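Novice: For reference, the file work.csv (CSV, C-alpha atoms and all ligand atoms) is included below:
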chain,number,residue,atom,x,y,z
J,341,MET,CA,121.1,254.4,22.3
J,342,GLN,CA,123.7,252.3,24.2
J,343,ASP,CA,122.5,248.8,25.3
J,344,ARG,CA,122.3,248.5,29.0
J,345,GLU,CA,120.6,246.6,31.9
J,346,PRO,CA,116.9,247.0,32.5
J,347,SER,CA,115.9,250.4,34.0
J,348,LEU,CA,113.4,251.4,36.7
J,349,GLU,CA,111.8,254.8,36.6
J,350,PHE,CA,109.0,256.2,38.8
J,351,ARG,CA,106.5,258.5,37.1
J,352,GLY,CA,104.0,259.6,39.7
J,353,ASP,CA,102.3,256.6,41.2
J,354,VAL,CA,103.6,254.2,38.5
J,355,ALA,CA,106.8,252.3,38.2
J,356,PHE,CA,108.2,251.7,34.6
J,357,LEU,CA,110.5,248.8,34.2
J,358,THR,CA,112.2,248.9,30.7
J,359,LEU,CA,114.3,246.3,28.9
J,360,ARG,CA,117.1,248.3,27.2
J,361,ARG,CA,119.2,246.1,24.9
J,362,ILE,CA,117.7,247.5,21.6
J,363,SER,CA,120.5,246.4,19.3
J,364,GLN,CA,119.9,242.8,20.4
J,365,HIS,CA,116.1,243.0,20.5
J,366,ASN,CA,116.1,243.4,24.3
J,367,ARG,CA,117.4,240.0,25.0
J,368,ILE,CA,117.5,239.1,28.7
J,369,ALA,CA,121.0,238.7,30.0
J,370,PRO,CA,121.6,236.4,33.0
J,371,ASP,CA,122.5,239.3,35.2
J,372,ASP,CA,119.4,241.2,34.1
J,373,CYS,CA,117.3,238.7,36.2
J,374,THR,CA,119.0,239.9,39.4
J,375,VAL,CA,118.6,243.5,38.3
J,376,ILE,CA,114.9,243.1,37.5
J,377,GLY,CA,114.4,241.4,40.9
J,378,GLY,CA,116.1,244.4,42.6
J,379,HIS,CA,113.8,246.8,40.7
J,380,LEU,CA,110.7,244.8,41.7
J,381,ARG,CA,111.7,245.0,45.4
J,382,GLN,CA,112.4,248.7,45.1
J,383,ALA,CA,109.0,249.3,43.5
J,384,VAL,CA,107.2,247.2,46.2
J,385,ALA,CA,108.8,249.4,48.8
J,386,ARG,CA,107.7,252.7,47.1
J,387,GLU,CA,105.0,254.4,49.1
J,388,GLY,CA,101.8,255.3,47.2
J,389,LEU,CA,102.7,253.2,44.1
J,390,ARG,CA,99.6,252.0,42.3
J,391,ALA,CA,100.9,249.8,39.4
J,392,LEU,CA,104.0,248.6,37.5
J,393,VAL,CA,104.4,248.8,33.7
J,394,LEU,CA,106.9,246.5,32.0
J,395,THR,CA,108.0,247.5,28.5
J,396,GLY,CA,110.9,247.4,26.1
J,397,ALA,CA,112.9,250.1,24.4
J,398,GLY,CA,112.8,250.6,20.7
J,399,ASP,CA,110.0,250.0,18.2
J,400,LYS,CA,110.7,246.5,16.9
J,401,THR,CA,110.8,244.0,19.7
J,402,PHE,CA,109.6,243.8,23.2
J,403,SER,CA,112.1,241.1,23.9
J,404,SER,CA,113.9,238.3,22.0
J,405,GLY,CA,114.0,236.2,25.2
J,406,TYR,CA,116.9,234.8,27.2
J,407,THR,CA,120.4,235.2,25.8
J,408,LEU,CA,120.8,232.2,23.5
J,409,GLY,CA,124.5,231.8,24.2
J,410,ALA,CA,123.8,231.6,28.0
J,411,ILE,CA,121.1,228.9,27.9
J,412,ARG,CA,123.3,225.9,28.5
J,413,ASP,CA,125.5,227.3,31.2
J,414,GLN,CA,123.6,230.2,32.9
J,415,LEU,CA,119.9,229.5,32.6
J,416,ASP,CA,119.7,228.9,36.4
J,417,SER,CA,117.2,229.7,39.2
J,418,ARG,CA,117.8,233.5,38.7
J,419,PHE,CA,115.5,233.5,35.7
J,420,GLU,CA,112.7,231.4,37.3
J,421,ASP,CA,113.0,233.4,40.6
J,422,MET,CA,112.7,236.7,38.8
J,423,LEU,CA,109.6,235.5,36.9
J,424,ASP,CA,107.9,234.2,40.1
J,425,GLU,CA,108.7,237.4,41.8
J,426,LEU,CA,107.1,239.4,39.0
J,427,GLU,CA,104.0,237.1,39.0
J,428,ARG,CA,103.6,237.6,42.8
J,429,PHE,CA,104.0,241.4,42.5
J,430,PRO,CA,101.3,242.7,44.9
J,431,LEU,CA,100.1,245.5,42.7
J,432,PRO,CA,98.6,245.4,39.2
J,433,THR,CA,101.2,244.9,36.5
J,434,ILE,CA,100.8,245.8,32.8
J,435,CYS,CA,103.1,244.5,30.1
J,436,ALA,CA,103.2,247.0,27.2
J,437,LEU,CA,104.6,244.9,24.4
J,438,ASN,CA,106.2,247.5,22.1
J,439,GLY,CA,106.9,244.8,19.5
J,440,SER,CA,107.4,241.1,19.0
J,441,VAL,CA,108.1,238.6,21.7
J,442,TYR,CA,110.1,235.4,21.8
J,443,GLY,CA,110.9,232.5,24.1
J,444,GLY,CA,111.3,233.3,27.8
J,445,ALA,CA,110.0,236.9,27.2
J,446,THR,CA,106.6,235.4,26.4
J,447,ASP,CA,106.6,234.0,30.0
J,448,LEU,CA,107.9,237.3,31.3
J,449,ALA,CA,104.8,238.9,29.8
J,450,LEU,CA,102.5,236.2,31.1
J,451,CYS,CA,103.7,237.0,34.7
J,452,CYS,CA,101.9,240.4,34.3
J,453,ASP,CA,98.2,240.9,34.9
J,454,PHE,CA,97.5,242.7,31.6
J,455,ARG,CA,99.3,242.5,28.2
J,456,ILE,CA,98.8,245.2,25.5
J,457,GLY,CA,100.5,244.7,22.2
J,458,VAL,CA,100.9,246.5,18.9
J,459,THR,CA,99.7,245.7,15.4
J,460,GLY,CA,102.1,243.8,13.2
J,461,SER,CA,103.9,242.1,16.1
J,462,ARG,CA,104.6,238.3,16.4
J,463,PHE,CA,105.0,235.7,19.1
J,464,LEU,CA,107.3,232.7,19.0
J,465,MET,CA,108.0,230.0,21.6
J,466,PRO,CA,110.9,228.1,20.0
J,467,ALA,CA,111.8,226.0,23.1
J,468,SER,CA,111.0,222.6,21.5
J,469,ARG,CA,112.8,223.6,18.3
J,470,ILE,CA,116.0,224.3,20.2
J,471,GLY,CA,115.6,221.2,22.4
J,472,LEU,CA,114.7,222.9,25.6
J,473,HIS,CA,112.0,221.4,27.9
J,474,TYR,CA,110.4,224.2,29.7
J,475,TYR,CA,110.8,224.9,33.5
J,476,PRO,CA,107.7,224.1,35.6
J,477,GLY,CA,106.6,227.7,36.3
J,478,GLY,CA,106.5,228.5,32.6
J,479,ILE,CA,104.4,225.5,31.8
J,480,ARG,CA,102.0,226.3,34.6
J,481,ARG,CA,101.6,229.9,33.5
J,482,TYR,CA,101.0,228.9,29.8
J,483,VAL,CA,98.3,226.4,30.8
J,484,THR,CA,96.6,228.5,33.5
J,485,VAL,CA,96.7,231.8,31.6
J,486,LEU,CA,96.2,230.6,28.0
J,487,GLY,CA,94.6,227.2,28.4
J,488,LEU,CA,95.8,223.7,27.4
J,489,ALA,CA,94.9,223.9,23.7
J,490,ALA,CA,96.8,227.2,23.2
J,491,ALA,CA,99.7,226.0,25.3
J,492,LYS,CA,100.0,222.8,23.2
J,493,LYS,CA,99.9,224.7,20.0
J,494,LEU,CA,102.6,227.2,21.1
J,495,PHE,CA,104.9,224.7,22.7
J,496,LEU,CA,104.4,221.6,20.5
J,497,ALA,CA,104.0,223.2,17.0
J,498,ALA,CA,106.4,226.1,17.8
J,499,GLN,CA,105.1,228.2,15.0
J,500,ALA,CA,105.0,232.0,15.1
J,501,ILE,CA,101.6,233.6,15.7
J,502,HIS,CA,100.6,237.2,15.0
J,503,ASP,CA,98.7,239.9,16.7
J,504,GLU,CA,95.2,238.7,16.0
J,505,GLU,CA,95.9,235.2,17.3
J,506,MET,CA,97.7,236.6,20.3
J,507,LEU,CA,94.5,238.5,21.1
J,508,ARG,CA,92.2,235.5,20.4
J,509,ILE,CA,94.1,233.1,22.7
J,510,GLY,CA,94.1,235.7,25.5
J,511,PHE,CA,97.9,236.3,25.4
J,512,LEU,CA,97.0,240.0,24.7
J,513,GLN,CA,94.0,241.8,26.1
J,514,GLU,CA,94.3,244.5,23.5
J,515,VAL,CA,96.1,245.3,20.2
J,516,VAL,CA,96.6,248.9,19.3
J,517,ASP,CA,98.6,250.9,16.8
J,518,ARG,CA,102.2,251.5,18.0
J,519,GLN,CA,101.6,255.2,18.5
J,520,ASP,CA,98.6,254.4,20.8
J,521,LEU,CA,100.4,252.0,23.1
J,522,MET,CA,101.0,254.3,26.0
J,523,ALA,CA,97.5,255.8,25.7
J,524,ALA,CA,96.1,252.3,26.1
J,525,VAL,CA,98.3,251.7,29.1
J,526,GLU,CA,97.0,254.9,30.6
J,527,ARG,CA,93.4,253.7,30.2
J,528,TYR,CA,94.3,250.7,32.3
J,529,LEU,CA,96.0,252.9,34.9
J,530,GLU,CA,93.0,255.1,35.1
J,531,GLY,CA,90.9,252.1,35.8
J,532,ILE,CA,93.3,250.9,38.5
J,533,ARG,CA,93.5,254.3,40.1
J,534,ALA,CA,89.7,254.3,40.4
J,535,CYS,CA,89.8,251.1,42.5
J,536,GLU,CA,90.4,250.7,46.2
J,537,PRO,CA,94.1,249.8,46.6
J,538,ALA,CA,93.7,247.3,49.5
J,539,VAL,CA,90.9,245.5,47.6
J,540,LEU,CA,93.1,245.3,44.4
J,541,ARG,CA,95.9,243.6,46.5
J,542,THR,CA,93.7,241.0,48.1
J,543,MET,CA,91.7,240.4,44.9
J,544,LYS,CA,94.9,239.8,42.9
J,545,ALA,CA,96.3,237.5,45.5
J,546,ASP,CA,93.1,235.5,45.7
J,547,LEU,CA,92.7,235.3,41.9
J,548,MET,CA,96.3,234.0,41.6
J,549,GLN,CA,95.7,231.3,44.3
J,550,VAL,CA,92.5,230.1,42.7
J,551,ALA,CA,94.2,229.9,39.3
J,552,ALA,CA,97.0,227.9,40.9
J,553,GLY,CA,94.4,225.5,42.4
J,554,ARG,CA,95.7,225.9,46.0
J,555,TYR,CA,93.4,228.3,47.7
J,556,ASP,CA,92.0,228.4,51.2
J,557,GLU,CA,88.2,229.2,51.0
J,558,ALA,CA,88.3,230.6,54.5
J,559,ALA,CA,91.1,233.1,53.7
J,560,LEU,CA,89.2,234.3,50.6
J,561,ARG,CA,86.0,234.7,52.7
J,562,ALA,CA,88.0,236.6,55.3
J,563,HIS,CA,89.1,239.1,52.6
J,564,TYR,CA,85.5,239.5,51.4
J,565,GLU,CA,84.1,240.0,54.9
J,566,ALA,CA,86.8,242.5,55.9
J,567,SER,CA,85.9,244.5,52.8
J,568,LEU,CA,82.3,244.5,53.8
J,569,ARG,CA,83.3,246.0,57.2
J,570,SER,CA,85.9,248.4,55.8
J,571,GLU,CA,85.7,252.2,56.1
J,572,ALA,CA,86.7,252.4,52.4
J,573,LEU,CA,83.6,250.6,51.3
J,574,ALA,CA,81.4,252.7,53.5
J,575,ALA,CA,82.9,256.0,52.2
J,576,ARG,CA,82.7,254.9,48.6
J,577,LEU,CA,79.1,253.8,49.0
J,578,GLU,CA,78.3,257.1,50.7
J,579,THR,CA,79.8,259.1,47.8
J,580,LEU,CA,77.8,257.0,45.3
J,581,ALA,CA,74.6,257.5,47.3
J,582,ALA,CA,75.1,261.2,47.4
J,583,ARG,CA,75.1,261.5,43.6
J,584,PRO,CA,72.1,263.2,42.2
L,601,LIG,C1,113.8,229.8,29.0
L,601,LIG,C2,114.0,230.8,28.0
L,601,LIG,C3,114.4,230.5,26.7
L,601,LIG,C4,114.5,231.5,25.7
L,601,LIG,O1,114.2,232.6,25.8
L,601,LIG,S1,115.3,230.9,24.3
L,601,LIG,C5,115.5,232.4,23.2
L,601,LIG,C6,114.3,232.5,22.4
L,601,LIG,N1,114.4,233.6,21.5
L,601,LIG,C7,114.7,233.5,20.2
L,601,LIG,O2,114.8,232.3,19.7
L,601,LIG,C8,114.8,234.7,19.3
L,601,LIG,C9,116.3,234.8,18.8
L,601,LIG,N2,116.4,236.0,18.0
L,601,LIG,C10,115.9,236.0,16.7
L,601,LIG,O3,115.3,235.1,16.2
L,601,LIG,C11,116.2,237.2,15.9
L,601,LIG,O4,117.2,237.9,16.5
L,601,LIG,C12,115.0,238.2,15.8
L,601,LIG,C13,113.8,237.5,15.0
L,601,LIG,C14,114.5,238.6,17.2
L,601,LIG,C15,115.4,239.5,15.1
L,601,LIG,O5,116.0,239.1,13.8
L,601,LIG,P1,116.8,240.2,13.0
L,601,LIG,O6,116.0,241.5,12.9
L,601,LIG,O7,117.3,239.6,11.8
L,601,LIG,O8,118.0,240.6,14.0
L,601,LIG,P2,119.4,239.7,14.3
L,601,LIG,O9,120.4,240.1,13.3
L,601,LIG,O10,119.0,238.2,14.4
L,601,LIG,O11,119.7,240.2,15.8
L,601,LIG,C16,120.5,241.3,16.1
L,601,LIG,C17,121.5,241.0,17.1
L,601,LIG,O12,120.7,240.6,18.3
L,601,LIG,C18,121.2,239.3,18.7
L,601,LIG,N3,120.1,238.6,19.4
L,601,LIG,C19,118.8,238.6,19.1
L,601,LIG,N4,118.2,237.8,20.0
L,601,LIG,C20,119.1,237.3,20.8
L,601,LIG,C21,119.0,236.4,21.9
L,601,LIG,N5,117.8,235.9,22.4
L,601,LIG,N6,120.1,236.1,22.5
L,601,LIG,C22,121.3,236.6,22.1
L,601,LIG,N7,121.5,237.4,21.1
L,601,LIG,C23,120.3,237.8,20.4
L,601,LIG,C24,121.6,238.6,17.4
L,601,LIG,O13,122.5,237.6,17.7
L,601,LIG,C25,122.3,239.8,16.7
L,601,LIG,O14,123.6,240.0,17.3
L,601,LIG,P3,124.8,240.6,16.5
L,601,LIG,O15,124.4,241.9,16.0
L,601,LIG,O16,126.0,240.6,17.4
L,601,LIG,O17,125.0,239.6,15.3
Mind converting the file's structure to structure tokens?
Ligand SMILES: C/C=C/C(=O)SCCNC(=O)CCNC(=O)[C@H](O)C(C)(C)COP(=O)(O)OP(=O)(O)OC[C@H]1O[C@@H](n2cnc3c(N)ncnc32)[C@H](O)[C@@H]1OP(=O)(O)O

Specialist:
Amino acid sequence: MQDREPSLEFRGDVAFLTLRRISQHNRIAPDDCTVIGGHLRQAVAREGLRALVLTGAGDKTFSSGYTLGAIRDQLDSRFEDMLDELERFPLPTICALNGSVYGGATDLALCCDFRIGVTGSRFLMPASRIGLHYYPGGIRRYVTVLGLAAAKKLFLAAQAIHDEEMLRIGFLQEVVDRQDLMAAVERYLEGIRACEPAVLRTMKADLMQVAAGRYDEAALRAHYEASLRSEALAARLETLAARP
């Protein structure tokens, strides 16, 4: 299959964003950041969408990170802006890691709400080895999602870790055999579909704000109180109450 820019495909109520540079382990090219940003905006505008799945083509690597030869001259705000946009995506996001993950692609995965990986895969954050001090958003995500101890190990020891450790530190929520990856994704999608869409939006936004340490208690309370008064809650409770 010919290498090309990341693709976006809608399957029912789910958007699939796929990295497609298989021969180069799905490296992220500078222009891919703009393409991914455009895909995210297209997905947000899609009526009835319930979730976004980010994955990679091929069966070896989710992504080998940013293009090594472009780091000195083209690692600009496009990369950080794209990551922040993915992190702020209003609907649930699932990263289906079809293989190993390196460098900036580890942060790309951290921008998603859920990460499901495959047995036998590895993770490497080589920034310090190559002399790159990480950008603020990446450091923040490592610490808030994985915790300081794990972030220190990954950034400061820069050693590869494997599937079991990825699971243990909370980088992955699940590890499955490769052939079961999309079935595992589907289980998450079923869970998401069973939830009230408006509540998922406000809950995700509030969780992100609390994690970032800049939340407004009154705004969180307003979301809670609005849901107590919502027709959706009343209808769902009525359905539950009517069960034998
Ligand atoms: C802020 C963000 C920072 C970052 O993201 S820094 C980048 C961090 N990533 C890495 O350090 C990983 C770099 N890649 C590798 O270490 C290896 O690759 C792999 C372990 C992923 C795979 O190794 P193997 O199976 O031996 O394949 P191969 O011959 O090294 O790669 C096949 C082709 O893919 C190109 N490639 C792979 N990753 C990148 C990359 N990140 N940027 C640019 N090219 C890449 C290679 O050069 C080569 O290319 P050709 O076939 O032309 O020789």

Novice: Could you tell me how far atom CA of J:Pro466 sits from atom CA of J:Leu494, in Å to one decimal place?

Specialist: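 Result for atom CA of J:Leu494 versus atom CA of J:Pro466: 8.4 Å, one decimal.
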
Novice: Pull the neighbourhood of (99.1, 248.6, 20.7) for me: all residues within 6 Å in file coordinates, counting all atoms listed in the file, as a list of chain:residue names.

Specialist: J:Ile456, J:Gly457, J:Val458, J:Val515, J:Val516, J:Asp517, J:Arg518, J:Asp520, J:Leu521

Novice: Find the spatial neighbours of J:His563, counting all atoms listed in the file, within a cut-off of 9 Å - ignore same-chain residues fewer than 2 positions away - and output them as a PyMOL selection string.

Specialist: chain J and resi 539+542-543+546+558-561+565-568

Novice: Calculate how many Å separate atom CA of J:Gly378 from atom CA of J:Arg428, rounding to one decimal.

Specialist: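 These two atoms are separated by 14.2 Å.
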
Novice: Quick one: residues within 12 Å of J:Asp447, all atoms listed in the file counted, chain neighbours fewer than 3 positions away excluded, as a count of residues only?

Specialist: 42

Novice: Which residue gives the smallest distance to ligand LIG 601 (chain L) among J:His473, J:His379, J:Arg351, J:His365, with all atoms listed in the file counted?

Specialist: J:His365

Novice: Report, in Å with one decimal, the straight-line distance from atom CA of J:Gly553 to atom CA of J:Ser417.

Specialist: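 Distance reported for this atom pair: 23.4 Å.
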
Novice: Taking 6 positions as the minimum chain separation for residues in the same chain, which residues sit within 8 Å of J:Glu345 when counting only C-alpha atoms? Answer as a list in words.

Specialist: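 The filter keeps Leu359, Arg360, Arg361, Asp372 and Val375 of chain J.
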
Novice: Which of these, J:Gln513, J:Gln499, J:Ser363, J:Ser468, has the shortest distance to ligand LIG 601 (chain L) once you count all atoms listed in the file?

Specialist: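 Closest to ligand LIG 601 (chain L) of all the choices is J:Ser363.
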
Novice: Keeping just all heavy atoms, export stretch 498-510 of chain J of this structure as an mmCIF file, in the first residue's frame.

Specialist:
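Full text of result05.cif as output:
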data_model
loop_
_atom_site.group_PDB
_atom_site.id
_atom_site.type_symbol
_atom_site.label_atom_id
_atom_site.label_comp_id
_atom_site.auth_asym_id
_atom_site.auth_seq_id
_atom_site.Cartn_x
_atom_site.Cartn_y
_atom_site.Cartn_z
ATOM 1 N N ALA J 498 14.555 7.125 29.488
ATOM 2 C CA ALA J 498 14.421 6.930 28.032
ATOM 3 C C ALA J 498 14.666 5.491 27.592
ATOM 4 O O ALA J 498 15.342 5.233 26.604
ATOM 5 C CB ALA J 498 15.350 7.890 27.287
ATOM 6 N N GLN J 499 14.102 4.567 28.386
ATOM 7 C CA GLN J 499 14.225 3.156 28.005
ATOM 8 C C GLN J 499 12.891 2.676 27.438
ATOM 9 O O GLN J 499 11.840 3.143 27.877
ATOM 10 C CB GLN J 499 14.542 2.304 29.234
ATOM 11 C CG GLN J 499 15.952 2.512 29.732
ATOM 12 C CD GLN J 499 16.164 1.900 31.110
ATOM 13 O OE1 GLN J 499 15.208 1.582 31.812
ATOM 14 N NE2 GLN J 499 17.420 1.763 31.472
ATOM 15 N N ALA J 500 12.965 1.709 26.549
ATOM 16 C CA ALA J 500 11.726 1.151 25.999
ATOM 17 C C ALA J 500 10.993 0.377 27.093
ATOM 18 O O ALA J 500 11.617 -0.260 27.940
ATOM 19 C CB ALA J 500 12.047 0.233 24.831
ATOM 20 N N ILE J 501 9.672 0.471 27.076
ATOM 21 C CA ILE J 501 8.862 -0.372 27.946
ATOM 22 C C ILE J 501 7.934 -1.203 27.074
ATOM 23 O O ILE J 501 7.711 -0.879 25.902
ATOM 24 C CB ILE J 501 8.070 0.436 29.002
ATOM 25 C CG1 ILE J 501 7.072 1.389 28.332
ATOM 26 C CG2 ILE J 501 9.002 1.185 29.941
ATOM 27 C CD1 ILE J 501 6.059 1.975 29.312
ATOM 28 N N HIS J 502 7.416 -2.270 27.660
ATOM 29 C CA HIS J 502 6.618 -3.207 26.866
ATOM 30 C C HIS J 502 5.166 -3.218 27.322
ATOM 31 O O HIS J 502 4.803 -2.518 28.259
ATOM 32 C CB HIS J 502 7.285 -4.579 26.885
ATOM 33 C CG HIS J 502 8.619 -4.534 26.203
ATOM 34 N ND1 HIS J 502 8.780 -4.781 24.868
ATOM 35 C CD2 HIS J 502 9.842 -4.170 26.667
ATOM 36 C CE1 HIS J 502 10.046 -4.601 24.535
ATOM 37 N NE2 HIS J 502 10.720 -4.231 25.615
ATOM 38 N N ASP J 503 4.360 -4.035 26.637
ATOM 39 C CA ASP J 503 2.903 -3.951 26.829
ATOM 40 C C ASP J 503 2.455 -4.010 28.291
ATOM 41 O O ASP J 503 1.616 -3.220 28.718
ATOM 42 C CB ASP J 503 2.173 -5.003 25.984
ATOM 43 C CG ASP J 503 2.752 -6.402 26.115
ATOM 44 O OD1 ASP J 503 3.654 -6.593 26.948
ATOM 45 O OD2 ASP J 503 2.304 -7.296 25.384
ATOM 46 N N GLU J 504 3.048 -4.931 29.077
ATOM 47 C CA GLU J 504 2.585 -5.067 30.468
ATOM 48 C C GLU J 504 2.841 -3.801 31.272
ATOM 49 O O GLU J 504 2.023 -3.385 32.083
ATOM 50 C CB GLU J 504 3.297 -6.238 31.153
ATOM 51 C CG GLU J 504 2.621 -7.554 30.850
ATOM 52 C CD GLU J 504 3.286 -8.709 31.566
ATOM 53 O OE1 GLU J 504 3.944 -8.487 32.597
ATOM 54 O OE2 GLU J 504 3.151 -9.837 31.062
ATOM 55 N N GLU J 505 4.006 -3.182 31.040
ATOM 56 C CA GLU J 505 4.313 -1.953 31.784
ATOM 57 C C GLU J 505 3.457 -0.786 31.287
ATOM 58 O O GLU J 505 3.017 0.059 32.065
ATOM 59 C CB GLU J 505 5.805 -1.618 31.689
ATOM 60 C CG GLU J 505 6.179 -0.474 32.614
ATOM 61 C CD GLU J 505 7.668 -0.304 32.825
ATOM 62 O OE1 GLU J 505 8.456 -1.115 32.305
ATOM 63 O OE2 GLU J 505 8.040 0.675 33.509
ATOM 64 N N MET J 506 3.180 -0.766 29.989
ATOM 65 C CA MET J 506 2.287 0.290 29.450
ATOM 66 C C MET J 506 0.939 0.219 30.146
ATOM 67 O O MET J 506 0.319 1.236 30.447
ATOM 68 C CB MET J 506 2.092 0.106 27.939
ATOM 69 C CG MET J 506 3.269 0.491 27.097
ATOM 70 S SD MET J 506 2.759 0.514 25.357
ATOM 71 C CE MET J 506 3.698 -0.813 24.700
ATOM 72 N N LEU J 507 0.501 -1.022 30.404
ATOM 73 C CA LEU J 507 -0.783 -1.233 31.078
ATOM 74 C C LEU J 507 -0.679 -0.779 32.540
ATOM 75 O O LEU J 507 -1.537 -0.071 33.055
ATOM 76 C CB LEU J 507 -1.109 -2.728 31.000
ATOM 77 C CG LEU J 507 -2.499 -3.219 31.287
ATOM 78 C CD1 LEU J 507 -3.509 -2.577 30.362
ATOM 79 C CD2 LEU J 507 -2.538 -4.753 31.105
ATOM 80 N N ARG J 508 0.411 -1.178 33.167
ATOM 81 C CA ARG J 508 0.563 -0.905 34.605
ATOM 82 C C ARG J 508 0.631 0.600 34.896
ATOM 83 O O ARG J 508 0.064 1.061 35.876
ATOM 84 C CB ARG J 508 1.829 -1.630 35.123
ATOM 85 C CG ARG J 508 2.075 -1.502 36.596
ATOM 86 C CD ARG J 508 2.959 -2.626 37.116
ATOM 87 N NE ARG J 508 4.145 -2.883 36.313
ATOM 88 C CZ ARG J 508 5.242 -2.151 36.331
ATOM 89 N NH1 ARG J 508 5.331 -1.111 37.128
ATOM 90 N NH2 ARG J 508 6.274 -2.462 35.566
ATOM 91 N N ILE J 509 1.301 1.353 34.046
ATOM 92 C CA ILE J 509 1.426 2.796 34.330
ATOM 93 C C ILE J 509 0.217 3.584 33.827
ATOM 94 O O ILE J 509 0.152 4.796 33.989
ATOM 95 C CB ILE J 509 2.719 3.397 33.729
ATOM 96 C CG1 ILE J 509 2.698 3.339 32.196
ATOM 97 C CG2 ILE J 509 3.955 2.726 34.318
ATOM 98 C CD1 ILE J 509 3.846 4.106 31.547
ATOM 99 N N GLY J 510 -0.736 2.902 33.202
ATOM 100 C CA GLY J 510 -1.950 3.597 32.763
ATOM 101 C C GLY J 510 -1.822 4.237 31.396
ATOM 102 O O GLY J 510 -2.700 5.005 30.988
#
